[in-house]
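Chemist: Just entry_19.cif, nothing more (mmCIF, C-alpha atoms):
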data_model
loop_
_atom_site.label_atom_id
_atom_site.label_comp_id
_atom_site.auth_asym_id
_atom_site.auth_seq_id
_atom_site.Cartn_x
_atom_site.Cartn_y
_atom_site.Cartn_z
CA MET O 1431 157.09 12.17 302.63
CA SER O 1432 155.15 12.75 299.40
CA ASP O 1433 157.11 14.04 296.43
CA LYS O 1434 153.99 15.67 294.98
CA PRO O 1435 154.21 19.48 294.75
CA PHE O 1436 152.11 21.68 297.00
CA ILE O 1437 149.67 23.57 294.78
CA HIS O 1438 148.74 27.12 295.76
CA VAL O 1439 145.20 28.07 294.72
CA VAL O 1440 144.41 31.63 293.65
CA ASP O 1441 140.66 32.11 293.52
CA THR O 1442 139.57 34.73 290.98
CA THR O 1443 135.79 34.50 291.46
CA LEU O 1444 135.61 38.06 292.78
CA ARG O 1445 137.75 39.43 289.94
CA ASP O 1446 137.61 37.45 286.69
CA GLY O 1447 134.29 35.95 287.75
CA SER O 1448 132.74 39.41 287.92
CA HIS O 1449 132.59 39.46 284.10
CA ALA O 1450 129.88 36.81 284.34
CA VAL O 1451 127.65 39.10 286.40
CA SER O 1452 128.48 42.35 284.56
CA HIS O 1453 130.56 43.51 287.53
CA GLU O 1454 127.44 43.74 289.69
CA PHE O 1455 128.63 41.98 292.84
CA THR O 1456 127.24 43.64 295.96
CA ALA O 1457 129.24 44.17 299.14
CA GLU O 1458 127.18 41.45 300.83
CA GLN O 1459 127.93 38.96 298.05
CA ILE O 1460 131.62 39.80 298.10
CA ALA O 1461 131.81 39.33 301.85
CA ALA O 1462 129.91 36.02 301.72
CA ILE O 1463 132.06 34.60 298.90
CA ALA O 1464 135.31 35.80 300.45
CA ARG O 1465 134.32 34.34 303.83
CA GLY O 1466 133.45 31.00 302.28
CA LEU O 1467 136.70 30.82 300.33
CA ASP O 1468 138.70 31.77 303.41
CA GLU O 1469 137.00 29.14 305.53
CA ALA O 1470 137.64 26.56 302.80
CA GLY O 1471 141.37 27.23 303.07
CA VAL O 1472 141.90 29.11 299.81
CA GLU O 1473 145.25 30.85 300.11
CA TYR O 1474 144.80 33.81 297.74
CA ILE O 1475 141.51 35.63 297.06
CA GLU O 1476 141.63 38.07 294.15
CA VAL O 1477 139.20 41.01 294.28
CA SER O 1478 138.68 43.92 291.87
CA HIS O 1479 136.92 44.81 288.66
CA GLY O 1480 137.22 42.04 286.09
CA ASP O 1481 139.84 44.08 284.25
CA GLY O 1482 141.74 44.87 287.40
CA LEU O 1483 142.10 47.96 289.53
CA ALA O 1484 140.44 51.02 287.92
CA GLY O 1485 138.81 48.81 285.29
CA SER O 1486 135.36 50.24 285.99
CA SER O 1487 134.78 52.44 282.91
CA TYR O 1488 132.92 52.85 279.64
CA ASN O 1489 135.57 50.70 277.97
CA TYR O 1490 135.39 47.73 280.32
CA GLY O 1491 132.00 48.08 281.99
CA TRP O 1492 130.93 49.98 285.08
CA ALA O 1493 131.02 48.11 288.38
CA LYS O 1494 128.33 48.43 291.04
CA LEU O 1495 131.00 49.19 293.65
CA SER O 1496 134.30 51.01 293.61
CA ASP O 1497 137.51 49.00 293.99
CA GLU O 1498 137.86 50.41 297.50
CA GLU O 1499 134.35 49.28 298.47
CA MET O 1500 134.97 45.80 297.05
CA LEU O 1501 138.30 45.40 298.80
CA LYS O 1502 136.97 46.59 302.15
CA ALA O 1503 134.02 44.17 301.90
CA ALA O 1504 136.38 41.26 301.25
CA ALA O 1505 138.98 42.33 303.81
CA GLY O 1506 136.35 42.41 306.53
CA ALA O 1507 135.47 38.78 305.84
CA ILE O 1508 138.94 37.28 305.40
CA LYS O 1509 140.87 35.95 308.40
CA LYS O 1510 143.65 33.83 306.89
CA ALA O 1511 143.79 34.23 303.11
CA LYS O 1512 145.90 36.83 301.32
CA LEU O 1513 143.78 39.56 299.72
CA THR O 1514 144.98 39.84 296.14
CA VAL O 1515 144.43 42.36 293.33
CA LEU O 1516 145.09 42.45 289.60
CA LEU O 1517 146.62 45.52 287.99
CA LEU O 1518 146.99 46.15 284.26
CA PRO O 1519 149.51 48.95 283.62
CA GLY O 1520 147.74 51.62 281.60
CA ILE O 1521 144.45 50.94 283.39
CA GLY O 1522 145.45 50.75 287.04
CA THR O 1523 147.98 53.20 288.46
CA VAL O 1524 150.42 53.26 291.33
CA GLU O 1525 147.88 55.32 293.28
CA ASP O 1526 145.33 52.52 292.79
CA LEU O 1527 147.89 50.06 294.08
CA LYS O 1528 148.53 52.16 297.18
CA MET O 1529 144.78 52.35 297.81
CA ALA O 1530 144.53 48.56 297.55
CA ALA O 1531 147.36 48.11 300.04
CA ASP O 1532 145.65 50.51 302.43
CA CYS O 1533 142.53 48.34 302.17
CA GLY O 1534 144.47 45.23 303.16
CA ALA O 1535 145.72 43.80 299.87
CA THR O 1536 149.08 42.07 300.30
CA VAL O 1537 149.48 40.59 296.82
CA VAL O 1538 149.34 42.25 293.39
CA ARG O 1539 149.42 40.47 290.08
CA VAL O 1540 150.76 42.82 287.40
CA ALA O 1541 149.23 41.73 284.11
CA THR O 1542 150.63 42.60 280.70
CA HIS O 1543 150.36 41.25 277.19
CA VAL O 1544 152.78 38.36 276.74
CA THR O 1545 155.07 40.61 274.69
CA GLU O 1546 155.01 43.61 277.05
CA ALA O 1547 156.37 42.60 280.46
CA ASP O 1548 158.57 45.71 280.40
CA ILE O 1549 155.59 47.99 281.08
CA GLY O 1550 155.11 46.25 284.44
CA GLU O 1551 158.59 46.97 285.81
CA GLN O 1552 157.56 50.09 287.73
CA HIS O 1553 154.53 48.44 289.31
CA ILE O 1554 156.47 45.34 290.38
CA GLY O 1555 159.18 47.52 291.92
CA ILE O 1556 156.80 49.76 293.82
CA ALA O 1557 154.79 46.79 295.11
CA LYS O 1558 157.96 45.22 296.46
CA LYS O 1559 158.97 48.49 298.15
CA MET O 1560 155.55 48.52 299.80
CA GLY O 1561 156.15 45.03 301.17
CA MET O 1562 153.65 43.33 298.87
CA MET O 1563 154.03 40.03 297.08
CA ALA O 1564 154.27 40.87 293.36
CA VAL O 1565 153.44 38.53 290.49
CA GLY O 1566 154.26 38.87 286.80
CA PHE O 1567 151.15 37.88 284.86
CA LEU O 1568 151.60 37.18 281.13
CA MET O 1569 148.28 37.39 279.27
CA MET O 1570 147.42 35.93 275.84
CA SER O 1571 150.31 33.49 276.08
CA HIS O 1572 148.95 31.38 273.23
CA MET O 1573 149.96 34.10 270.76
CA VAL O 1574 153.72 33.51 270.90
CA PRO O 1575 156.05 30.49 270.98
CA PRO O 1576 157.48 29.19 274.27
CA GLU O 1577 160.79 30.99 273.67
CA LYS O 1578 159.04 34.36 273.72
CA VAL O 1579 157.12 33.49 276.88
CA VAL O 1580 160.44 32.57 278.50
CA GLU O 1581 161.99 35.88 277.44
CA GLN O 1582 159.17 37.87 279.01
CA ALA O 1583 159.02 35.70 282.13
CA LYS O 1584 162.73 36.34 282.71
CA LEU O 1585 162.08 40.08 282.46
CA PHE O 1586 159.43 39.85 285.18
CA GLU O 1587 161.80 37.77 287.29
CA SER O 1588 164.53 40.42 286.87
CA TYR O 1589 162.11 43.09 288.13
CA GLY O 1590 161.59 41.14 291.36
CA ALA O 1591 158.41 39.15 290.67
CA ASP O 1592 157.78 36.49 293.30
CA TYR O 1593 156.28 34.14 290.74
CA ILE O 1594 155.32 34.13 287.06
CA ASN O 1595 151.75 33.43 285.99
CA ILE O 1596 151.10 32.24 282.44
CA ALA O 1597 147.57 32.98 281.23
CA ASP O 1598 145.60 31.31 278.47
CA SER O 1599 143.46 34.44 278.27
CA ALA O 1600 141.61 33.41 275.11
CA GLY O 1601 141.09 29.80 276.14
CA ALA O 1602 142.90 28.76 272.97
CA MET O 1603 145.51 26.33 274.28
CA LEU O 1604 145.55 22.56 274.18
CA PRO O 1605 147.30 20.62 276.95
CA GLU O 1606 150.43 20.20 274.83
CA ASP O 1607 150.56 23.98 274.31
CA VAL O 1608 150.35 24.51 278.07
CA LYS O 1609 153.06 21.96 278.79
CA ALA O 1610 155.39 23.54 276.23
CA ARG O 1611 155.05 27.06 277.66
CA VAL O 1612 154.85 26.27 281.34
CA GLY O 1613 157.63 23.69 281.11
CA ALA O 1614 159.93 26.09 279.29
CA VAL O 1615 159.38 28.83 281.86
CA VAL O 1616 159.83 26.44 284.79
CA GLU O 1617 163.21 25.46 283.35
CA ALA O 1618 164.26 29.06 282.72
CA VAL O 1619 163.41 30.91 285.95
CA GLN O 1620 164.26 30.47 289.62
CA VAL O 1621 160.85 31.57 290.93
CA PRO O 1622 157.63 29.53 290.99
CA VAL O 1623 155.35 29.40 287.95
CA GLY O 1624 151.55 29.51 287.84
CA PHE O 1625 148.83 29.02 285.26
CA HIS O 1626 145.50 30.72 284.54
CA ALA O 1627 143.15 28.70 282.34
CA HIS O 1628 140.01 29.68 280.46
CA ASN O 1629 137.36 27.14 279.53
CA ASN O 1630 136.45 28.20 275.97
CA LEU O 1631 137.37 24.74 274.62
CA SER O 1632 136.19 22.91 277.77
CA LEU O 1633 139.86 22.22 278.51
CA ALA O 1634 140.45 24.35 281.60
CA ILE O 1635 140.78 21.33 283.91
CA ALA O 1636 142.90 19.35 281.47
CA ASN O 1637 145.12 22.36 280.89
CA ALA O 1638 145.48 22.99 284.62
CA VAL O 1639 146.55 19.37 285.10
CA ALA O 1640 149.00 19.74 282.22
CA ALA O 1641 150.43 22.86 283.85
CA VAL O 1642 151.02 21.00 287.12
CA GLU O 1643 152.63 18.11 285.24
CA ALA O 1644 154.97 20.66 283.64
CA GLY O 1645 155.95 22.09 287.02
CA ALA O 1646 153.43 24.83 287.84
CA THR O 1647 152.76 25.23 291.56
CA PHE O 1648 150.18 28.06 291.44
CA LEU O 1649 146.77 27.52 289.83
CA ASP O 1650 143.96 30.00 289.29
CA ALA O 1651 140.40 28.86 289.87
CA THR O 1652 136.88 30.21 290.25
CA CYS O 1653 133.70 29.04 291.94
CA ARG O 1654 131.39 27.37 289.40
CA GLY O 1655 134.12 27.54 286.76
#
Would you mind writing the file's structure down as structure tokens?

Modeler:
Amino acid sequence: MSDKPFIHVVDTTLRDGSHAVSHEFTAEQIAAIARGLDEAGVEYIEVSHGDGLAGSSYNYGWAKLSDEEMLKAAAGAIKKAKLTVLLLPGIGTVEDLKMAADCGATVVRVATHVTEADIGEQHIGIAKKMGMMAVGFLMMSHMVPPEKVVEQAKLFESYGADYINIADSAGAMLPEDVKARVGAVVEAVQVPVGFHAHNNLSLAIANAVAAVEAGATFLDATCRG
């Protein structure tokens, strides 16, 4: 038996990738992409505005479709994958989360600044009560030392998060930075750890590999990078 870890892929094309098209995905495009990802065996397919549920606004850019329309388009095309959403407390609300669950979402990733995991406690708790998988998502993790990332990851774990995702939101990390943060969190928590790379320094692949070497078992990805 191989001792290599099984890596879970979370595809964010229909969420983070929507920034690249000014949030103008049509229902037909969403269905086609979701169907292709599902058929390819992708385990988690994240769908929403680029800034998460309720992100469509003057501040973050208007989307062509509502979150509900996007989720229904994806749900109708997915047979095996888990429909996933991102929620930023202060943008998305518990009502938005309930709507997403009604549309078929079974996973929510609650995203906060790397110093503010505490604002996600309510959302993690409610998601768990609704029977959803809940993820603690720490954004801008390059801004603090590994010890601070660990502190915040442990908060998310205490709230009931099923895994902790560490995000290089600014694409500012080098592989050694990723290893230091991911490795420290892997050692400190009892739940799985994931990593979300950005390619600003053309290091997304190298950083993803570094995350796996440090013990991450969830990796975010998008079609066409």

Chemist: Rounded to one decimal place, report the CA of Ala1504 (chain O)-CA of Asp1481 (chain O) distance in Å.

Modeler: 17.6 Å

Chemist: Enumerate, as a list in words, the residues matched when the PyMOL selection byres ((chain O and resi 1617-1620) around 9) is run on the file above.

Modeler: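 Given this file, the PyMOL selection byres ((chain O and resi 1617-1620) around 9) evaluates to Val1580, Glu1581, Ala1583, Lys1584, Glu1587, Tyr1593, Ile1594, Val1612, Gly1613, Ala1614, Val1615, Val1616, Val1621, Pro1622, Val1623 and Gly1645 of chain O.
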
Chemist: Could you check which of O:Met1500, O:Ile1463, O:Met1573, O:Ala1505 is closest to Ser1478 (chain O), using all atoms listed in the file?

Modeler: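 Nearest candidate to Ser1478 (chain O) out of O:Met1500, O:Ile1463, O:Met1573, O:Ala1505: O:Met1500.
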
Chemist: Tell me, in Å to one decimal, how far CA of Ala1507 (chain O) is from CA of Ala1464 (chain O).

Modeler: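 Those two atoms sit 6.2 Å apart.
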
Chemist: Using the chain letters and residue numbers of this document, give as a PyMOL selection string the residues selected by the PyMOL selection byres ((chain O and resi 1519) around 10).

Modeler: chain O and resi 1482-1483+1516-1518+1520-1524+1540-1542+1547+1549-1553

Chemist: How would the residues just picked look written out with C-alpha atoms as a compact mmCIF listing (two decimals), in the coordinates of the input?

Modeler:
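This is the output file out_5.txt:
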# COMPACT_ATOMS: atom_id res chain seq x y z
CA GLY O 1482 141.74 44.87 287.40
CA LEU O 1483 142.10 47.96 289.53
CA LEU O 1516 145.09 42.45 289.60
CA LEU O 1517 146.62 45.52 287.99
CA LEU O 1518 146.99 46.15 284.26
CA GLY O 1520 147.74 51.62 281.60
CA ILE O 1521 144.45 50.94 283.39
CA GLY O 1522 145.45 50.75 287.04
CA THR O 1523 147.98 53.20 288.46
CA VAL O 1524 150.42 53.26 291.33
CA VAL O 1540 150.76 42.82 287.40
CA ALA O 1541 149.23 41.73 284.11
CA THR O 1542 150.63 42.60 280.70
CA ALA O 1547 156.37 42.60 280.46
CA ILE O 1549 155.59 47.99 281.08
CA GLY O 1550 155.11 46.25 284.44
CA GLU O 1551 158.59 46.97 285.81
CA GLN O 1552 157.56 50.09 287.73
CA HIS O 1553 154.53 48.44 289.31

Chemist: State, in Å with one decimal place, the distance from CA of His1543 (chain O) to CA of Ala1530 (chain O).

Modeler: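 Taking CA of His1543 (chain O) and CA of Ala1530 (chain O), their separation equals 22.4 Å.
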
Chemist: Decode the PyMOL selection byres ((chain O and resi 1569) around 9) for the given file into explicit residues and return them as a short mmCIF file (atom, residue, chain, number, x, y, z; two decimals) with C-alpha atoms, in the frame of the given file.

Modeler:
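The result, written out as part.cif:
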data_model
loop_
_atom_site.label_atom_id
_atom_site.label_comp_id
_atom_site.auth_asym_id
_atom_site.auth_seq_id
_atom_site.Cartn_x
_atom_site.Cartn_y
_atom_site.Cartn_z
CA ALA O 1541 149.23 41.73 284.11
CA THR O 1542 150.63 42.60 280.70
CA HIS O 1543 150.36 41.25 277.19
CA VAL O 1544 152.78 38.36 276.74
CA THR O 1545 155.07 40.61 274.69
CA PHE O 1567 151.15 37.88 284.86
CA LEU O 1568 151.60 37.18 281.13
CA MET O 1570 147.42 35.93 275.84
CA SER O 1571 150.31 33.49 276.08
CA HIS O 1572 148.95 31.38 273.23
CA ASN O 1595 151.75 33.43 285.99
CA ILE O 1596 151.10 32.24 282.44
CA ALA O 1597 147.57 32.98 281.23
CA ASP O 1598 145.60 31.31 278.47
CA SER O 1599 143.46 34.44 278.27
CA ALA O 1600 141.61 33.41 275.11
CA HIS O 1626 145.50 30.72 284.54
#

Chemist: Give me the residues of region 1494-1575 of chain O that have any atom at most 12 Å from an atom of region 1437-1445 of chain O; for each, the nearest atom pair and the distance in Å, rounded to one decimal. Use all atoms listed in the file, sort by chain and number, and format it as a tab-separated table.

Modeler:
residue	atom	partner	partner_atom	distance
O:Asp1497	CA	O:Arg1445	CA	10.4
O:Met1500	CA	O:Leu1444	CA	8.9
O:Leu1501	CA	O:Leu1444	CA	9.9
O:Ala1503	CA	O:Leu1444	CA	11.1
O:Ala1504	CA	O:Leu1444	CA	9.1
O:Ala1511	CA	O:Val1440	CA	9.8
O:Lys1512	CA	O:Val1440	CA	9.4
O:Leu1513	CA	O:Val1440	CA	10.0
O:Thr1514	CA	O:Val1440	CA	8.6
O:Val1515	CA	O:Arg1445	CA	8.0
O:Leu1516	CA	O:Arg1445	CA	7.9
O:Leu1517	CA	O:Arg1445	CA	10.9
O:Val1537	CA	O:Val1440	CA	10.8
O:Val1538	CA	O:Val1440	CA	11.7
O:Arg1539	CA	O:Val1440	CA	10.8
O:Val1565	CA	O:Val1440	CA	11.8

Chemist: May I have the selected residues written with C-alpha atoms, as a PDB file, in the coordinates of the input?

Modeler:
ATOM      1  CA  ASP O1497     137.510  49.000 293.990  1.00  0.00           C
ATOM      2  CA  MET O1500     134.970  45.800 297.050  1.00  0.00           C
ATOM      3  CA  LEU O1501     138.300  45.400 298.800  1.00  0.00           C
ATOM      4  CA  ALA O1503     134.020  44.170 301.900  1.00  0.00           C
ATOM      5  CA  ALA O1504     136.380  41.260 301.250  1.00  0.00           C
ATOM      6  CA  ALA O1511     143.790  34.230 303.110  1.00  0.00           C
ATOM      7  CA  LYS O1512     145.900  36.830 301.320  1.00  0.00           C
ATOM      8  CA  LEU O1513     143.780  39.560 299.720  1.00  0.00           C
ATOM      9  CA  THR O1514     144.980  39.840 296.140  1.00  0.00           C
ATOM     10  CA  VAL O1515     144.430  42.360 293.330  1.00  0.00           C
ATOM     11  CA  LEU O1516     145.090  42.450 289.600  1.00  0.00           C
ATOM     12  CA  LEU O1517     146.620  45.520 287.990  1.00  0.00           C
ATOM     13  CA  VAL O1537     149.480  40.590 296.820  1.00  0.00           C
ATOM     14  CA  VAL O1538     149.340  42.250 293.390  1.00  0.00           C
ATOM     15  CA  ARG O1539     149.420  40.470 290.080  1.00  0.00           C
ATOM     16  CA  VAL O1565     153.440  38.530 290.490  1.00  0.00           C
TER      17      VAL O1565
END

Chemist: I'd like the contact shell of Val1608 (chain O) - 8 Å cut-off, all atoms listed in the file, skipping same-chain residues fewer than 6 positions apart - returned as an MDAnalysis selection string.

Modeler: chainID O and resid 1637 1640:1641

Chemist: Find the smallest box with edges along x, y and z containing every listed atom of region 1620-1632 of chain O, then add 3 Å on each side and report centre and edge lengths in Å to one decimal, as lines of an AutoDock Vina configuration file.

Modeler:
center_x = 150.2
center_y = 27.2
center_z = 282.8
size_x = 34.1
size_y = 14.7
size_z = 22.4
